[in-house]
Amino acid sequence: MNRTFLALVTKEIIAFFRSWGLVAVVLYSFTLDIYIAGKGIEIQAKNVSVGYVDRTAGALSGKILARLHAPEFKTPVRFPSRKALYNAIRNRKIMVGLIFDTDFSREFYRGGPARIDLLLDAITASQSFQALNYLQNIVLDFSRTQVHVKLKIHKLFNQNARTSWFMSLAELLSITTLLGVILTAAVFVREKENGTWDIMLLMPIDPRITILAKSLSQVLILMGGIFLATGLILFGTFDLPINGSLAAFFLLSFFYAFTSAGIGLFVAAVSRSMLQVAQMAILIMMPMIFLSGAWTPIHAMHPLLQKLSLLSPLRYYIEGSESIFFRGTPWGDLWPYFAGVILLGGMLYYYGFRKIGKLF
Amino acid sequence: MNWGVVRAYMRKEILELLRSKMIIIVYILPTFIIILFGYGIRLEVTHARTLIIDHDQSKLSRDLTERFMHSRYFDARLFRGTEQEALHRIKQAKTEILLIIPQGFERRLLHGLRGEIAAFVDGAFPIRGETMSNYVKGEIFHAAQSVAPDLAPRITLDNRNLFNQAMRDEDAIVPGLFGLILLVAPAILSALLIVKEKEEGTIFNFYASPVRKSEFLLAKLTPAFLLHSLNILILFLWATWLFQVPFRGSFTLYWLASELYILISLGIGLLVSIVTRTQIVAIVLTVIITIIPGFLYSGMLMPISSMSGESVIEAHIYPVMYYNHIVYDAFLIGQGLDAPKIRLYLLILTLYAAAILALGSALMKKELR
C-alpha cells in the first residue's frame, strides 16, 4: 500500500513536469508575478505631481515650494493662470494645484493667516488624502507654529511603511490559493473528462489512497513553489524581515496547501469539465481572496462581510503569515490561525473526499 | 465570406454557451467582482482600535482621552495594564494603536515645557499604518491648539477636493474596476471558446472543413462580444445605483469606449488561445496576464501621473490606462469629447483593438501543428 501511494505521487509529479506549459505558468506565478505585484502596487503617495499659480513676487511662495521635494512630490510645475491649472488637473496630469494669491505674502508678514488655495484631484482618494497631509505638515512647519506637545510615533513592524513587503507576501498567499485549487481540481477533472477516473475507482486500490496521493502530489508542487518564492523573491529581492519562526510559516503553508487542495477536491467533485472547474474556482476563490484581508484589513470591512470572512481559510493564513513575518508573534499565540486553517480545510477536504470517491 | 456558414456556426456557439452554463460566467463574474471589490477595498480608516495608557491622570490627559473616544476614526478605550501587555496585544493583532501619556504631562505643559506622548502604531498594513499615524498627529495637534489658542498658524490651506468632494472610497475605486473586469472576463471567454475545441479535438472539424479562418473567428467572437456588451450596462447600473457613484459625463462616450475595450480583451483571449493547448493553462495564463496590469495601471490605487521610470512605459503598453481615463472622466469629471486627450485615447483604443484582432487572426493557423 505504501508503494502504491508513492508510485501515484511520483506519477502525478512526473505528469506535471511533462506539461511544460503548466510548469512555466507555475514558475512564473511564484516568481515574476509576485515580484511585479510587490514592486508595482504602491499605495503610499509618492511622486505626487504638483502645479502652481503664483501671483505674488515669489520670494515666500518659492520657499514653500522648495519644500515640496522627492520622494513625496515631483518638482512643481508653474501655470500661467488658474484656468490652465484647473485644466491640467482635469486631464489628470496634475494631482495637486496650489494657488498663491497677490496678497499672500503681505498677509503672512502681517502675521495674520495667509491663505493658499489648494485644488486637489480627489479621484484616488487615499493618495489625495495623504498628499493633503504632507502639505499640511509642510505649511505648519513653515509657519513655525510651536506645539508644546511632542508626539513620538513608533511604527511597529514596518517602520518605513514599505508596501512591497506587504504586497509581495499577500500576492504569494493569493497565488498559493489560486494554483492550489486549480491544480488539484485539474488533476481529477482531467481524468473525469478522459473517462479514466471511473477505472481508477474500480481498481483494487483503496480510492482513499488514490485521492490522498493525487492531492498530496499537488501539495508538494505548491510547497516547492512557496519555498522558491520565499527564498528568491521575499527574502532575496524584497528583504522581508522575519520576526517570528520560519518553520511556523512553512508548517502553516503546508496545512493551507492542503486546505486549498481540499477546495480543489470539492470543485472537482461538483464539476464535470474543465470549463466548469474554471467557473466554480473563480466563484469560490474570488470571494475567498477578497474576504481574506489581503486588500483591506478585516475590521475595516462592512460588518456583514466581516462575519463572512470567518469562513475564508485564506483569512487565517494571511493573518497568521503577517503575524509571523512582521509582528513576530510567538508560537503560542499562533494557534487561532492554525486552528482556523485546519478546521476549515479539514471540513472542505472531507466533503470533497467523500464526494469524489464515490463511483455513482 | 459565406454568411450562411457564419450564421450556422454562430448559432451553434450560442447554443453551446447556453447549454454549458458558460453564460453564468459571462454575467456573474463581472457583477461579482464589482460588488466584492467595491465593498472590499477600503483605504480610509475608521474605528481604529486604540488603547490609551494614562499615567498622568490629570484633567488635560483626560481631555485628550475623551477626544480620542469621541472621534469616529478611533475606537479608543483606557487600558489599565502595563505597556508590555498592551504591546503584546498589538502583536496578537487585537489592537492597532497604543498611546502612552507619561506622568507629569500636564505639569510640564503648564510650566511651558514640552510634554511628550508616545504612540505605537501597527505598521504591518503599510497604508493603514500611515493613515492612522496621520490621524493621531492631527488629533493631538488639535488638542494642543485648544489648550493654547494663540497657536493659530500663519498659513492656512484652503482645499477644494475636485471630482470627489467627500473623498469617498467608492467613487475612487468602483469606476477603476471597469478596466479590470472588462479586461479579464471577455478574455477568459474567448480563450476558452477556442482552446476547448483544441483540447477536445473538435477543432479538427474546423481544420478539415472548408470554413474559412475569418468565418470561424467571426462566429466565435461575435456571440462573446454581444453577450459582454450587456455587461457595460449592468456594470454602469451597479456603480450608479448600488455604489452611488455620480455620472457626470456622456453615456455614449462611455458605451463606445467600453465596446472598443471589449474587442481588445477578446483579442487578448484570442492570442492566449493560440499559444495554449489545454484549458487549464489558458485560464491561468489569461488571469495572470490580465489581473495584475488591470490593477497596476488602472489608476485607482495609484495615479498614472505619480508613476516614474519603467512603470510609465508599461502603463502605456497596456490598454487599461486609456480606457480607465475615459471611464473616470465619464463618471467623475465630465469633459467628454471636448478634451483633446480623450479624443486621442479613444483613437488609441480603436487602433489597439484593430491591431490586436488583426494580429490574432494572422497568427491563428488553420492546420495541424
# chains A, B, ... in the order shown; residues from 1 in each chain; ligands from 1
>>> select_by_dssp(residues="segment 68-200 of chain B", states="strand (DSSP E)", output="JSON, numbers by chain")
{"B": [74, 75, 76, 77, 78, 97, 98, 99, 100, 101, 115, 116, 117, 118, 119, 120, 121, 122, 155, 156, 157, 158, 159, 160, 161, 162]}
>>> write_last_selection(atoms="N, CA, C and O atoms", output="mmCIF file, in the first residue's frame")
data_model
loop_
_atom_site.group_PDB
_atom_site.id
_atom_site.type_symbol
_atom_site.label_atom_id
_atom_site.label_comp_id
_atom_site.auth_asym_id
_atom_site.auth_seq_id
_atom_site.Cartn_x
_atom_site.Cartn_y
_atom_site.Cartn_z
ATOM 1 N N PHE B 74 -11.420 56.600 15.676
ATOM 2 C CA PHE B 74 -10.820 55.694 16.661
ATOM 3 C C PHE B 74 -11.897 55.007 17.492
ATOM 4 O O PHE B 74 -12.941 55.591 17.771
ATOM 5 N N ASP B 75 -11.622 53.772 17.855
ATOM 6 C CA ASP B 75 -12.392 53.104 18.893
ATOM 7 C C ASP B 75 -11.475 53.048 20.105
ATOM 8 O O ASP B 75 -10.786 52.057 20.313
ATOM 9 N N ALA B 76 -11.452 54.117 20.856
ATOM 10 C CA ALA B 76 -10.439 54.208 21.908
ATOM 11 C C ALA B 76 -11.004 53.765 23.246
ATOM 12 O O ALA B 76 -12.189 53.929 23.523
ATOM 13 N N ARG B 77 -10.150 53.155 24.038
ATOM 14 C CA ARG B 77 -10.524 52.922 25.434
ATOM 15 C C ARG B 77 -9.281 52.964 26.298
ATOM 16 O O ARG B 77 -8.165 52.774 25.820
ATOM 17 N N LEU B 78 -9.518 53.235 27.597
ATOM 18 C CA LEU B 78 -8.403 53.284 28.529
ATOM 19 C C LEU B 78 -7.941 51.871 28.833
ATOM 20 O O LEU B 78 -8.740 50.948 28.900
ATOM 21 N N ILE B 97 -3.430 50.785 17.699
ATOM 22 C CA ILE B 97 -2.717 51.978 18.164
ATOM 23 C C ILE B 97 -2.597 51.926 19.679
ATOM 24 O O ILE B 97 -3.542 51.530 20.370
ATOM 25 N N LEU B 98 -1.445 52.297 20.177
ATOM 26 C CA LEU B 98 -1.256 52.401 21.616
ATOM 27 C C LEU B 98 -0.698 53.786 21.894
ATOM 28 O O LEU B 98 0.312 54.198 21.317
ATOM 29 N N LEU B 99 -1.397 54.525 22.774
ATOM 30 C CA LEU B 99 -0.924 55.863 23.150
ATOM 31 C C LEU B 99 -0.511 55.826 24.599
ATOM 32 O O LEU B 99 -1.238 55.287 25.439
ATOM 33 N N ILE B 100 0.647 56.378 24.910
ATOM 34 C CA ILE B 100 1.083 56.399 26.299
ATOM 35 C C ILE B 100 1.293 57.851 26.720
ATOM 36 O O ILE B 100 2.120 58.567 26.155
ATOM 37 N N ILE B 101 0.493 58.286 27.682
ATOM 38 C CA ILE B 101 0.643 59.647 28.199
ATOM 39 C C ILE B 101 1.474 59.524 29.480
ATOM 40 O O ILE B 101 1.060 58.860 30.427
ATOM 41 N N GLY B 115 5.635 68.532 26.576
ATOM 42 C CA GLY B 115 5.135 67.249 27.042
ATOM 43 C C GLY B 115 5.310 66.245 25.917
ATOM 44 O O GLY B 115 5.209 66.599 24.749
ATOM 45 N N GLU B 116 5.605 65.017 26.260
ATOM 46 C CA GLU B 116 5.878 64.050 25.208
ATOM 47 C C GLU B 116 4.914 62.869 25.297
ATOM 48 O O GLU B 116 4.744 62.274 26.354
ATOM 49 N N ILE B 117 4.272 62.570 24.183
ATOM 50 C CA ILE B 117 3.360 61.429 24.146
ATOM 51 C C ILE B 117 3.966 60.388 23.220
ATOM 52 O O ILE B 117 4.468 60.731 22.150
ATOM 53 N N ALA B 118 3.913 59.137 23.635
ATOM 54 C CA ALA B 118 4.428 58.087 22.759
ATOM 55 C C ALA B 118 3.255 57.391 22.083
ATOM 56 O O ALA B 118 2.247 57.100 22.729
ATOM 57 N N ALA B 119 3.369 57.163 20.789
ATOM 58 C CA ALA B 119 2.319 56.444 20.074
ATOM 59 C C ALA B 119 2.945 55.244 19.379
ATOM 60 O O ALA B 119 3.979 55.376 18.733
ATOM 61 N N PHE B 120 2.337 54.087 19.526
ATOM 62 C CA PHE B 120 2.792 52.898 18.808
ATOM 63 C C PHE B 120 1.710 52.522 17.813
ATOM 64 O O PHE B 120 0.550 52.391 18.177
ATOM 65 N N VAL B 121 2.101 52.391 16.563
ATOM 66 C CA VAL B 121 1.118 52.115 15.515
ATOM 67 C C VAL B 121 1.500 50.820 14.795
ATOM 68 O O VAL B 121 2.668 50.623 14.464
ATOM 69 N N ASP B 122 0.510 49.967 14.574
ATOM 70 C CA ASP B 122 0.754 48.724 13.844
ATOM 71 C C ASP B 122 0.991 49.054 12.374
ATOM 72 O O ASP B 122 0.092 49.520 11.687
ATOM 73 N N ILE B 155 -0.184 80.293 8.124
ATOM 74 C CA ILE B 155 -0.630 79.964 6.769
ATOM 75 C C ILE B 155 -1.746 78.942 6.873
ATOM 76 O O ILE B 155 -1.636 77.992 7.635
ATOM 77 N N THR B 156 -2.805 79.147 6.149
ATOM 78 C CA THR B 156 -3.832 78.115 6.132
ATOM 79 C C THR B 156 -3.973 77.581 4.716
ATOM 80 O O THR B 156 -3.759 78.303 3.741
ATOM 81 N N LEU B 157 -4.326 76.319 4.634
ATOM 82 C CA LEU B 157 -4.588 75.710 3.332
ATOM 83 C C LEU B 157 -6.090 75.673 3.152
ATOM 84 O O LEU B 157 -6.800 75.156 3.994
ATOM 85 N N ASP B 158 -6.552 76.241 2.061
ATOM 86 C CA ASP B 158 -7.978 76.210 1.797
ATOM 87 C C ASP B 158 -8.188 75.189 0.681
ATOM 88 O O ASP B 158 -8.005 75.505 -0.481
ATOM 89 N N ASN B 159 -8.513 73.964 1.039
ATOM 90 C CA ASN B 159 -8.519 72.944 -0.009
ATOM 91 C C ASN B 159 -9.894 72.657 -0.570
ATOM 92 O O ASN B 159 -10.888 72.621 0.138
ATOM 93 N N ARG B 160 -9.922 72.511 -1.887
ATOM 94 C CA ARG B 160 -11.141 72.085 -2.601
ATOM 95 C C ARG B 160 -10.847 70.732 -3.197
ATOM 96 O O ARG B 160 -9.934 70.594 -4.002
ATOM 97 N N ASN B 161 -11.612 69.736 -2.806
ATOM 98 C CA ASN B 161 -11.402 68.407 -3.362
ATOM 99 C C ASN B 161 -12.207 68.283 -4.640
ATOM 100 O O ASN B 161 -13.428 68.228 -4.603
ATOM 101 N N LEU B 162 -11.532 68.239 -5.764
ATOM 102 C CA LEU B 162 -12.235 68.192 -7.033
ATOM 103 C C LEU B 162 -12.676 66.774 -7.358
ATOM 104 O O LEU B 162 -11.998 65.820 -7.000
#
>>> closest_atom_pairs(of="segment 235-259 of chain A", to="segment 184-193 of chain A", cutoff="12 Å", atoms="only C-alpha atoms", output="CSV")
residue,atom,partner,partner_atom,distance
A:Ala257,CA,A:Thr184,CA,10.2
A:Phe258,CA,A:Thr184,CA,9.9
A:Thr259,CA,A:Thr184,CA,10.8
>>> select_by_dssp(residues="segment 53-87 of chain B", states="helix (DSSP H, G or I)", output="list in words")
Lys59, Leu60, Ser61, Arg62, Asp63, Leu64, Thr65, Glu66, Arg67, Phe68, Met69, His70, Glu83, Gln84, Glu85, Ala86 and Leu87 of chain B
>>> residues_around(residues="Asn91 of chain A", least_positions_apart="4", cutoff="9 Å", atoms="only C-alpha atoms", output="JSON, numbers by chain")
{"A": [86, 87], "B": [325, 329, 335, 339, 341, 342]}
>>> write_last_selection(atoms="all heavy atoms", output="JSON list (two decimals), in the first residue's frame")
[["chain", "number", "residue", "atom", "x", "y", "z"],
["A", 86, "TYR", "N", -6.41, 74.33, -13.62],
["A", 86, "TYR", "CA", -7.61, 73.52, -13.47],
["A", 86, "TYR", "C", -7.73, 72.51, -14.61],
["A", 86, "TYR", "O", -8.10, 71.35, -14.41],
["A", 86, "TYR", "CB", -8.82, 74.44, -13.41],
["A", 86, "TYR", "CG", -10.11, 73.72, -13.12],
["A", 86, "TYR", "CD1", -10.28, 73.04, -11.93],
["A", 86, "TYR", "CD2", -11.15, 73.70, -14.04],
["A", 86, "TYR", "CE1", -11.44, 72.37, -11.65],
["A", 86, "TYR", "CE2", -12.32, 73.03, -13.79],
["A", 86, "TYR", "CZ", -12.46, 72.37, -12.59],
["A", 86, "TYR", "OH", -13.62, 71.69, -12.33],
["A", 87, "ASN", "N", -7.39, 72.99, -15.82],
["A", 87, "ASN", "CA", -7.46, 72.11, -16.98],
["A", 87, "ASN", "C", -6.50, 70.94, -16.87],
["A", 87, "ASN", "O", -6.81, 69.80, -17.21],
["A", 87, "ASN", "CB", -7.15, 72.90, -18.24],
["A", 87, "ASN", "CG", -8.35, 72.96, -19.14],
["A", 87, "ASN", "OD1", -9.16, 72.03, -19.11],
["A", 87, "ASN", "ND2", -8.48, 74.01, -19.90],
["B", 325, "HIS", "N", -9.02, 56.12, -18.10],
["B", 325, "HIS", "CA", -9.04, 57.58, -18.14],
["B", 325, "HIS", "C", -10.40, 58.06, -18.64],
["B", 325, "HIS", "O", -11.00, 58.97, -18.08],
["B", 325, "HIS", "CB", -7.93, 58.09, -19.06],
["B", 325, "HIS", "CG", -7.81, 59.58, -19.06],
["B", 325, "HIS", "ND1", -7.01, 60.25, -18.18],
["B", 325, "HIS", "CD2", -8.43, 60.52, -19.82],
["B", 325, "HIS", "CE1", -7.13, 61.56, -18.41],
["B", 325, "HIS", "NE2", -7.97, 61.74, -19.39],
["B", 329, "ASP", "N", -13.32, 59.90, -16.45],
["B", 329, "ASP", "CA", -13.83, 61.16, -16.96],
["B", 329, "ASP", "C", -15.35, 61.11, -17.06],
["B", 329, "ASP", "O", -16.04, 62.03, -16.65],
["B", 329, "ASP", "CB", -13.22, 61.47, -18.33],
["B", 329, "ASP", "CG", -13.68, 62.81, -18.84],
["B", 329, "ASP", "OD1", -13.08, 63.80, -18.41],
["B", 329, "ASP", "OD2", -14.64, 62.86, -19.62],
["B", 335, "GLN", "N", -15.67, 65.83, -18.90],
["B", 335, "GLN", "CA", -15.24, 66.69, -20.00],
["B", 335, "GLN", "C", -15.79, 66.18, -21.33],
["B", 335, "GLN", "O", -16.10, 66.96, -22.21],
["B", 335, "GLN", "CB", -13.72, 66.69, -20.14],
["B", 335, "GLN", "CG", -12.98, 67.26, -18.99],
["B", 335, "GLN", "CD", -11.50, 67.29, -19.31],
["B", 335, "GLN", "OE1", -10.99, 68.26, -19.80],
["B", 335, "GLN", "NE2", -10.82, 66.19, -19.04],
["B", 339, "ALA", "N", -12.32, 67.37, -24.65],
["B", 339, "ALA", "CA", -10.90, 67.36, -24.30],
["B", 339, "ALA", "C", -10.10, 66.61, -25.35],
["B", 339, "ALA", "O", -10.45, 65.49, -25.72],
["B", 339, "ALA", "CB", -10.72, 66.69, -22.95],
["B", 341, "LYS", "N", -7.34, 65.12, -25.03],
["B", 341, "LYS", "CA", -6.75, 63.90, -24.50],
["B", 341, "LYS", "C", -7.72, 62.72, -24.64],
["B", 341, "LYS", "O", -7.33, 61.61, -24.96],
["B", 341, "LYS", "CB", -6.37, 64.11, -23.04],
["B", 341, "LYS", "CG", -5.38, 63.08, -22.54],
["B", 341, "LYS", "CD", -4.84, 63.46, -21.18],
["B", 341, "LYS", "CE", -3.85, 62.43, -20.69],
["B", 341, "LYS", "NZ", -3.38, 62.72, -19.33],
["B", 342, "ILE", "N", -9.00, 62.99, -24.39],
["B", 342, "ILE", "CA", -10.00, 61.94, -24.50],
["B", 342, "ILE", "C", -10.09, 61.46, -25.95],
["B", 342, "ILE", "O", -10.16, 60.26, -26.23],
["B", 342, "ILE", "CB", -11.38, 62.45, -24.04],
["B", 342, "ILE", "CG1", -11.30, 62.97, -22.61],
["B", 342, "ILE", "CG2", -12.44, 61.39, -24.20],
["B", 342, "ILE", "CD1", -11.63, 62.01, -21.55]]
>>> residues_around(residues="segment 269-280 of chain A", least_positions_apart="6", cutoff="10 Å", atoms="only C-alpha atoms", output="MDAnalysis selection string")
(chainID A and resid 181:182 185:186 188:194 263 351:358) or (chainID B and resid 20:22 24:26 28:29 188:189 192:193 196 278:280 283:284)
>>> closest_residue(among="B:Lys220, B:Gly299, B:Leu230, B:Ile173", to="Gly38 of chain B", atoms="only C-alpha atoms")
B:Ile173
